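Coordinates from start13.cif are shown below (mmCIF, C-alpha atoms).
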data_final
loop_
_atom_site.label_atom_id
_atom_site.label_comp_id
_atom_site.auth_asym_id
_atom_site.auth_seq_id
_atom_site.Cartn_x
_atom_site.Cartn_y
_atom_site.Cartn_z
CA MET A 238 0.98 29.37 -1.27
CA CYS A 239 -2.61 28.24 -1.63
CA CYS A 240 -1.42 26.14 -4.56
CA SER A 241 0.56 23.95 -2.15
CA VAL A 242 -2.62 23.25 -0.16
CA GLY A 243 -4.50 22.54 -3.39
CA PHE A 244 -1.71 20.20 -4.47
CA ALA A 245 -1.91 18.37 -1.12
CA ARG A 246 -5.68 18.02 -1.51
CA SER A 247 -5.31 16.56 -4.99
CA LEU A 248 -2.74 14.08 -3.62
CA GLY A 249 -5.20 13.11 -0.89
CA LEU A 250 -7.94 12.58 -3.46
CA ALA A 251 -5.55 10.34 -5.40
CA LEU A 252 -4.73 8.33 -2.25
CA LEU A 253 -8.34 7.49 -1.41
CA PRO A 254 -9.08 5.14 -4.34
CA LEU A 255 -5.63 3.57 -4.04
CA ALA A 256 -6.24 2.79 -0.35
CA LEU A 257 -9.67 1.33 -1.10
CA CYS A 258 -8.21 -0.82 -3.89
CA CYS A 259 -5.52 -2.12 -1.49
CA ILE A 260 -8.22 -3.10 1.00
CA LEU A 261 -10.21 -4.85 -1.73
CA ALA A 262 -7.16 -6.71 -3.10
CA ASN A 263 -6.20 -7.92 0.37
CA LEU A 264 -9.77 -9.10 1.06
CA LEU A 265 -9.79 -11.00 -2.22
CA LEU A 266 -6.55 -12.74 -1.19
CA LEU A 267 -8.36 -14.03 1.89
CA PHE A 268 -11.06 -15.68 -0.25
CA PRO A 269 -9.46 -17.50 -3.21
CA MET A 270 -11.96 -17.70 -6.05
CA GLY A 271 -14.56 -16.25 -3.68
CA GLN A 272 -14.56 -19.35 -1.46
CA VAL A 273 -14.51 -19.18 2.34
CA THR A 274 -13.44 -22.82 2.75
CA TYR A 275 -9.70 -22.10 2.66
CA ILE A 276 -9.79 -19.33 5.24
CA GLN A 277 -11.82 -21.57 7.56
CA GLN A 278 -9.28 -24.38 7.17
CA ASP A 279 -6.31 -22.00 7.55
CA ARG A 280 -4.98 -22.88 4.10
CA LEU A 281 -3.82 -19.40 3.11
CA ALA A 282 -0.21 -18.31 2.64
CA SER A 283 1.30 -17.06 5.91
CA TYR A 284 2.23 -13.58 4.64
CA ILE A 285 -1.37 -12.88 3.65
CA TRP A 286 -2.20 -12.90 7.37
CA TYR A 287 0.10 -9.90 7.90
CA PHE A 288 -2.56 -7.79 6.11
CA GLY A 289 -0.14 -5.64 4.11
CA GLY A 290 -2.86 -4.36 1.81
CA LEU A 291 -5.63 -4.13 4.39
CA GLY A 292 -3.57 -2.52 7.15
CA GLY A 293 -0.57 -0.81 5.57
CA GLY A 294 -1.76 0.20 2.13
CA GLY A 295 -5.41 0.48 3.13
CA VAL A 296 -6.55 1.57 6.58
CA LEU A 297 -3.28 3.28 7.53
CA MET A 298 -3.26 5.11 4.19
CA LEU A 299 -6.73 6.54 4.83
CA PHE A 300 -5.22 8.70 7.60
CA PRO A 301 -2.88 10.74 5.33
CA ALA A 302 -5.52 10.81 2.59
CA VAL A 303 -8.06 12.43 4.92
CA VAL A 304 -5.46 14.85 6.35
CA PHE A 305 -4.33 15.95 2.88
CA ILE A 306 -7.91 16.44 1.68
CA THR A 307 -8.96 18.46 4.75
CA LEU A 308 -6.00 20.84 4.74
CA GLY A 309 -7.65 24.21 5.30
CA LYS A 310 -6.92 27.43 3.53
CA CYS A 311 -5.92 29.94 6.14
CA SER A 312 -5.21 33.64 5.73
CA CYS A 313 -2.28 33.55 8.16
CA CYS A 314 0.96 32.37 6.58
CA TRP A 315 2.40 31.05 9.83
CA ASN A 316 -0.65 28.85 10.47
CA GLU A 317 -0.37 27.40 6.99
CA SER A 318 3.26 26.46 7.70
CA VAL A 319 2.22 24.65 10.87
CA VAL A 320 -0.55 22.84 8.99
CA MET A 321 1.91 21.78 6.30
CA CYS A 322 4.29 20.48 9.00
CA GLY A 323 1.42 18.29 10.21
CA SER A 324 0.89 17.04 6.68
CA VAL A 325 4.60 16.15 6.53
CA LEU A 326 4.17 13.88 9.56
CA THR A 327 1.13 12.18 8.04
CA ALA A 328 3.05 11.79 4.77
CA VAL A 329 5.72 9.88 6.72
CA VAL A 330 2.97 7.69 8.23
CA GLY A 331 1.71 7.04 4.70
CA MET A 332 5.19 6.14 3.49
CA VAL A 333 5.56 3.65 6.35
CA GLY A 334 2.16 2.11 5.54
CA SER A 335 2.85 1.81 1.83
CA GLY A 336 6.33 0.45 2.54
CA TYR A 337 4.83 -2.21 4.81
CA CYS A 338 2.31 -3.15 2.12
CA PHE A 339 5.07 -3.37 -0.51
CA ILE A 340 7.37 -5.51 1.66
CA MET A 341 4.65 -7.93 2.80
CA SER A 342 3.33 -8.32 -0.75
CA GLY A 343 6.86 -8.96 -2.00
CA PHE A 344 7.50 -11.61 0.64
CA ALA A 345 4.16 -13.27 -0.14
CA LEU A 346 4.97 -13.25 -3.84
CA VAL A 347 8.39 -14.82 -3.31
CA GLN A 348 7.00 -17.44 -0.90
CA GLY A 349 4.19 -18.46 -3.22
CA PRO A 350 0.78 -19.81 -2.22
CA GLN A 351 -0.03 -22.63 0.13
CA CYS A 352 -1.85 -25.22 -1.94
CA PHE A 353 -2.75 -28.87 -2.20
CA THR A 354 -0.25 -30.80 -4.34
CA SER A 355 0.23 -34.50 -4.99
CA TYR A 356 2.18 -34.53 -1.70
CA GLY A 357 -0.52 -32.81 0.35
CA TRP A 358 -0.82 -29.22 1.58
CA SER A 359 2.47 -27.33 1.28
CA TYR A 360 4.31 -24.32 -0.13
CA PRO A 361 5.64 -25.90 -3.32
CA PHE A 362 7.43 -22.74 -4.50
CA ALA A 363 8.84 -21.49 -1.18
CA ASP A 364 12.39 -22.72 -1.81
CA GLN A 365 12.63 -21.26 -5.32
CA GLY A 366 13.20 -17.63 -4.35
CA GLY A 367 10.47 -16.42 -6.68
CA ARG A 368 11.77 -18.20 -9.80
CA TYR A 369 8.39 -19.90 -10.17
CA LEU A 370 7.00 -16.57 -11.35
CA LEU A 371 8.93 -16.99 -14.61
CA GLN A 372 7.89 -20.65 -14.96
CA PRO A 373 4.11 -20.69 -15.38
CA GLU A 374 4.25 -24.30 -16.53
CA THR A 375 5.03 -25.30 -12.92
CA TRP A 376 1.91 -23.59 -11.55
CA SER A 377 -0.18 -26.67 -12.28
CA ARG A 378 1.51 -28.37 -9.30
CA CYS A 379 -1.13 -26.62 -7.20
CA LEU A 380 -4.27 -28.73 -7.52
CA GLN A 381 -6.40 -26.84 -4.98
CA PRO A 382 -7.50 -24.10 -4.81
CA VAL A 383 -7.87 -24.08 -8.57
CA HIS A 384 -5.78 -21.32 -10.20
CA ILE A 385 -4.48 -20.17 -6.81
CA VAL A 386 -1.08 -19.21 -8.24
CA GLU A 387 -2.62 -16.93 -10.85
CA TRP A 388 -4.99 -15.51 -8.22
CA ASN A 389 -2.19 -14.72 -5.76
CA VAL A 390 0.29 -13.46 -8.34
CA THR A 391 -2.24 -11.08 -9.89
CA LEU A 392 -3.48 -9.63 -6.59
CA LEU A 393 -0.02 -9.37 -5.04
CA CYS A 394 1.34 -7.60 -8.14
CA VAL A 395 -1.61 -5.21 -7.92
CA LEU A 396 -0.74 -4.56 -4.26
CA LEU A 397 2.91 -3.96 -5.16
CA GLY A 398 1.92 -1.42 -7.81
CA LEU A 399 -0.59 0.35 -5.58
CA ALA A 400 1.88 0.51 -2.68
CA LEU A 401 4.50 2.02 -4.98
CA LEU A 402 2.05 4.68 -6.17
CA GLU A 403 1.03 5.46 -2.59
CA PHE A 404 4.66 5.80 -1.58
CA ILE A 405 5.36 8.21 -4.45
CA ILE A 406 2.29 10.31 -3.60
CA CYS A 407 3.28 10.53 0.07
CA LEU A 408 6.85 11.37 -0.94
CA LEU A 409 5.53 14.21 -3.12
CA GLN A 410 3.53 15.56 -0.19
CA LEU A 411 6.55 15.21 2.07
CA GLY A 412 8.52 17.42 -0.31
CA ASN A 413 5.60 19.81 -0.79
CA GLY A 414 5.03 20.14 2.95
CA LEU A 415 8.71 20.61 3.79
CA VAL A 416 9.22 23.27 1.13
CA ASN A 417 6.09 25.12 2.20
CA ALA A 418 6.79 24.84 5.94
CA VAL A 419 10.37 26.08 5.53
CA CYS A 420 9.95 28.66 2.77
CA ARG A 421 6.60 30.20 3.69
CA PRO A 422 7.75 31.96 6.88
CA CYS A 423 10.77 33.30 4.97
CA CYS A 424 8.54 34.61 2.17
CA TYR A 425 6.22 36.15 4.75
CA LYS A 426 9.12 38.01 6.42
CA GLN A 427 10.32 39.31 3.04
CA GLU A 428 6.82 40.51 2.16
CA TYR A 429 6.51 42.18 5.57
CA SER A 430 9.86 43.98 5.22
CA LEU A 431 8.99 45.16 1.70
CA ASN A 432 5.62 46.54 2.88
CA ALA A 433 7.20 48.32 5.85
#
The structure given in the file should be rewritten as structure tokens.
Amino acid sequence: MCCSVGFARSLGLALLPLALCCILANLLLLFPMGQVTYIQQDRLASYIWYFGGLGGGGVLMLFPAVVFITLGKCSCCWNESVVMCGSVLTAVVGMVGSGYCFIMSGFALVQGPQCFTSYGWSYPFADQGGRYLLQPETWSRCLQPVHIVEWNVTLLCVLLGLALLEFIICLLQLGNGLVNAVCRPCCYKQEYSLNA
């Protein structure tokens, strides 16, 4: 069953860069075009302040990543089952974090950015239910920050994709951990009875 621990470690190694990319994408959302002016003036979209990528897909995801990577190889089958049960719990934590990131990014994408239009600062696409995403000709309604729609859409789509990958990885570990935690003691008893 060492392969199940090795599989968990490889999943943890896959989670690390995804979590770091979520943190980076969320930080970039806070500074449109690298400018700090809009964060100082509180001109960012409201859902960005829920930190879906920073908290859910990033920091919270580091916990299961570290647990998966540090799963130890133990000679006792029963201990390995207990360790895999612990990895199941952290996989659930990871699924909650990635789900939070996905939902917040989706809401932010549907709401659209807060920007300066000819009518002042507003959410010009909030009442469209996300239809503005298929109408790039309307994006020019946002005068400031320049290219804010493209900036937000790109980063939020990246967060959606990363959160989906993180969820799938945690789901794989959930299955791996459950199978190993349930089947390993049974296999151990069969081996013991055959040897006796």
- Proximity to Ser324 (chain A) - best of A:Val303, A:Leu371, A:Val395, A:Cys352, only C-alpha atoms: A:Val303
- Written as a list in words, which residues does the PyMOL selection byres ((chain A and resi 404-411) around 7) give for the file shown? Ala245, Leu248, Val325, Ala328, Gly331, Met332, Ser335, Gly336, Ala400, Leu401, Leu402, Glu403, Gly412, Asn413, Gly414 and Leu415 of chain A
Give the padded box for region 267-285 of chain A as lines of an AutoDock Vina configuration file: axis-aligned, covering all atoms listed in the file, 3 Å on each side, centre and edge lengths in Å to one decimal.
center_x = -6.2
center_y = -18.6
center_z = 0.8
size_x = 22.8
size_y = 17.5
size_z = 19.6
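The set of residues that the PyMOL selection byres ((chain A and resi 246) around 9) takes from this file is Ser241, Val242, Gly243, Phe244, Ala245, Ser247, Leu248, Gly249, Leu250, Ala251, Ala302, Val303, Val304, Phe305, Ile306, Thr307 and Leu308 of chain A.
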Dump of C-alpha atoms for the selected residues, as a PDB file, in the frame of the given file:
ATOM      1  CA  SER A 241       0.560  23.950  -2.150  1.00  0.00           C
ATOM      2  CA  VAL A 242      -2.620  23.250  -0.160  1.00  0.00           C
ATOM      3  CA  GLY A 243      -4.500  22.540  -3.390  1.00  0.00           C
ATOM      4  CA  PHE A 244      -1.710  20.200  -4.470  1.00  0.00           C
ATOM      5  CA  ALA A 245      -1.910  18.370  -1.120  1.00  0.00           C
ATOM      6  CA  SER A 247      -5.310  16.560  -4.990  1.00  0.00           C
ATOM      7  CA  LEU A 248      -2.740  14.080  -3.620  1.00  0.00           C
ATOM      8  CA  GLY A 249      -5.200  13.110  -0.890  1.00  0.00           C
ATOM      9  CA  LEU A 250      -7.940  12.580  -3.460  1.00  0.00           C
ATOM     10  CA  ALA A 251      -5.550  10.340  -5.400  1.00  0.00           C
ATOM     11  CA  ALA A 302      -5.520  10.810   2.590  1.00  0.00           C
ATOM     12  CA  VAL A 303      -8.060  12.430   4.920  1.00  0.00           C
ATOM     13  CA  VAL A 304      -5.460  14.850   6.350  1.00  0.00           C
ATOM     14  CA  PHE A 305      -4.330  15.950   2.880  1.00  0.00           C
ATOM     15  CA  ILE A 306      -7.910  16.440   1.680  1.00  0.00           C
ATOM     16  CA  THR A 307      -8.960  18.460   4.750  1.00  0.00           C
ATOM     17  CA  LEU A 308      -6.000  20.840   4.740  1.00  0.00           C
TER      18      LEU A 308
END
To test your reading of the syntax: which residues would the PyMOL selection byres ((chain A and resi 266-268) around 12) return for the file shown? Reply as a compact mmCIF listing (two decimals) with C-alpha atoms, in the frame of the given file.
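Result file is out_38.txt:
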# COMPACT_ATOMS: atom_id res chain seq x y z
CA CYS A 259 -5.52 -2.12 -1.49
CA ILE A 260 -8.22 -3.10 1.00
CA LEU A 261 -10.21 -4.85 -1.73
CA ALA A 262 -7.16 -6.71 -3.10
CA ASN A 263 -6.20 -7.92 0.37
CA LEU A 264 -9.77 -9.10 1.06
CA LEU A 265 -9.79 -11.00 -2.22
CA PRO A 269 -9.46 -17.50 -3.21
CA MET A 270 -11.96 -17.70 -6.05
CA GLY A 271 -14.56 -16.25 -3.68
CA GLN A 272 -14.56 -19.35 -1.46
CA VAL A 273 -14.51 -19.18 2.34
CA THR A 274 -13.44 -22.82 2.75
CA TYR A 275 -9.70 -22.10 2.66
CA ILE A 276 -9.79 -19.33 5.24
CA GLN A 277 -11.82 -21.57 7.56
CA GLN A 278 -9.28 -24.38 7.17
CA ASP A 279 -6.31 -22.00 7.55
CA ARG A 280 -4.98 -22.88 4.10
CA LEU A 281 -3.82 -19.40 3.11
CA ALA A 282 -0.21 -18.31 2.64
CA SER A 283 1.30 -17.06 5.91
CA TYR A 284 2.23 -13.58 4.64
CA ILE A 285 -1.37 -12.88 3.65
CA TRP A 286 -2.20 -12.90 7.37
CA TYR A 287 0.10 -9.90 7.90
CA PHE A 288 -2.56 -7.79 6.11
CA GLY A 289 -0.14 -5.64 4.11
CA GLY A 290 -2.86 -4.36 1.81
CA LEU A 291 -5.63 -4.13 4.39
CA SER A 342 3.33 -8.32 -0.75
CA ALA A 345 4.16 -13.27 -0.14
CA LEU A 346 4.97 -13.25 -3.84
CA PRO A 350 0.78 -19.81 -2.22
CA GLN A 351 -0.03 -22.63 0.13
CA PRO A 382 -7.50 -24.10 -4.81
CA ILE A 385 -4.48 -20.17 -6.81
CA VAL A 386 -1.08 -19.21 -8.24
CA GLU A 387 -2.62 -16.93 -10.85
CA TRP A 388 -4.99 -15.51 -8.22
CA ASN A 389 -2.19 -14.72 -5.76
CA VAL A 390 0.29 -13.46 -8.34
CA THR A 391 -2.24 -11.08 -9.89
CA LEU A 392 -3.48 -9.63 -6.59
CA LEU A 393 -0.02 -9.37 -5.04
CA CYS A 394 1.34 -7.60 -8.14
CA VAL A 395 -1.61 -5.21 -7.92
CA LEU A 396 -0.74 -4.56 -4.26
- Calculate how many Å separate CA of Gly334 (chain A) from CA of Val347 (chain A), rounding to one decimal. 20.1 Å
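With all atoms listed in the file as the atoms that count, the minimum distance from Tyr337 (chain A) to the choices A:Pro254, A:Gly349, A:Pro361, A:Gly295 is reached by A:Gly295.
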Could you add the missing atoms to region 255-267 of chain A, up to N, CA, C and O atoms, and return them as an mmCIF file, in the coordinates of the input?
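Now in out_6.cif:
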data_model
loop_
_atom_site.group_PDB
_atom_site.id
_atom_site.type_symbol
_atom_site.label_atom_id
_atom_site.label_comp_id
_atom_site.auth_asym_id
_atom_site.auth_seq_id
_atom_site.Cartn_x
_atom_site.Cartn_y
_atom_site.Cartn_z
ATOM 1 N N LEU A 255 -6.726 4.536 -4.154
ATOM 2 C CA LEU A 255 -5.630 3.570 -4.040
ATOM 3 C C LEU A 255 -5.754 2.769 -2.736
ATOM 4 O O LEU A 255 -5.569 1.550 -2.727
ATOM 5 N N ALA A 256 -6.077 3.463 -1.640
ATOM 6 C CA ALA A 256 -6.240 2.790 -0.350
ATOM 7 C C ALA A 256 -7.409 1.803 -0.396
ATOM 8 O O ALA A 256 -7.306 0.676 0.101
ATOM 9 N N LEU A 257 -8.504 2.217 -1.001
ATOM 10 C CA LEU A 257 -9.670 1.330 -1.100
ATOM 11 C C LEU A 257 -9.364 0.113 -1.970
ATOM 12 O O LEU A 257 -9.808 -1.003 -1.670
ATOM 13 N N CYS A 258 -8.596 0.313 -3.032
ATOM 14 C CA CYS A 258 -8.210 -0.820 -3.890
ATOM 15 C C CYS A 258 -7.275 -1.776 -3.153
ATOM 16 O O CYS A 258 -7.363 -2.995 -3.339
ATOM 17 N N CYS A 259 -6.398 -1.253 -2.299
ATOM 18 C CA CYS A 259 -5.520 -2.120 -1.490
ATOM 19 C C CYS A 259 -6.347 -2.975 -0.539
ATOM 20 O O CYS A 259 -6.083 -4.172 -0.377
ATOM 21 N N ILE A 260 -7.348 -2.356 0.082
ATOM 22 C CA ILE A 260 -8.220 -3.100 1.000
ATOM 23 C C ILE A 260 -8.944 -4.207 0.238
ATOM 24 O O ILE A 260 -8.993 -5.361 0.682
ATOM 25 N N LEU A 261 -9.478 -3.876 -0.926
ATOM 26 C CA LEU A 261 -10.210 -4.850 -1.730
ATOM 27 C C LEU A 261 -9.304 -6.002 -2.172
ATOM 28 O O LEU A 261 -9.676 -7.171 -2.072
ATOM 29 N N ALA A 262 -8.092 -5.668 -2.643
ATOM 30 C CA ALA A 262 -7.160 -6.710 -3.100
ATOM 31 C C ALA A 262 -6.779 -7.643 -1.959
ATOM 32 O O ALA A 262 -6.712 -8.858 -2.140
ATOM 33 N N ASN A 263 -6.548 -7.083 -0.774
ATOM 34 C CA ASN A 263 -6.200 -7.920 0.370
ATOM 35 C C ASN A 263 -7.368 -8.811 0.781
ATOM 36 O O ASN A 263 -7.187 -9.979 1.131
ATOM 37 N N LEU A 264 -8.587 -8.286 0.736
ATOM 38 C CA LEU A 264 -9.770 -9.100 1.060
ATOM 39 C C LEU A 264 -9.946 -10.232 0.061
ATOM 40 O O LEU A 264 -10.296 -11.353 0.436
ATOM 41 N N LEU A 265 -9.682 -9.955 -1.209
ATOM 42 C CA LEU A 265 -9.790 -11.000 -2.220
ATOM 43 C C LEU A 265 -8.745 -12.104 -1.997
ATOM 44 O O LEU A 265 -9.006 -13.277 -2.273
ATOM 45 N N LEU A 266 -7.567 -11.729 -1.503
ATOM 46 C CA LEU A 266 -6.550 -12.740 -1.190
ATOM 47 C C LEU A 266 -7.012 -13.693 -0.089
ATOM 48 O O LEU A 266 -6.607 -14.851 -0.053
ATOM 49 N N LEU A 267 -7.864 -13.199 0.800
ATOM 50 C CA LEU A 267 -8.360 -14.030 1.890
ATOM 51 C C LEU A 267 -9.405 -15.046 1.427
ATOM 52 O O LEU A 267 -9.671 -16.024 2.123
#
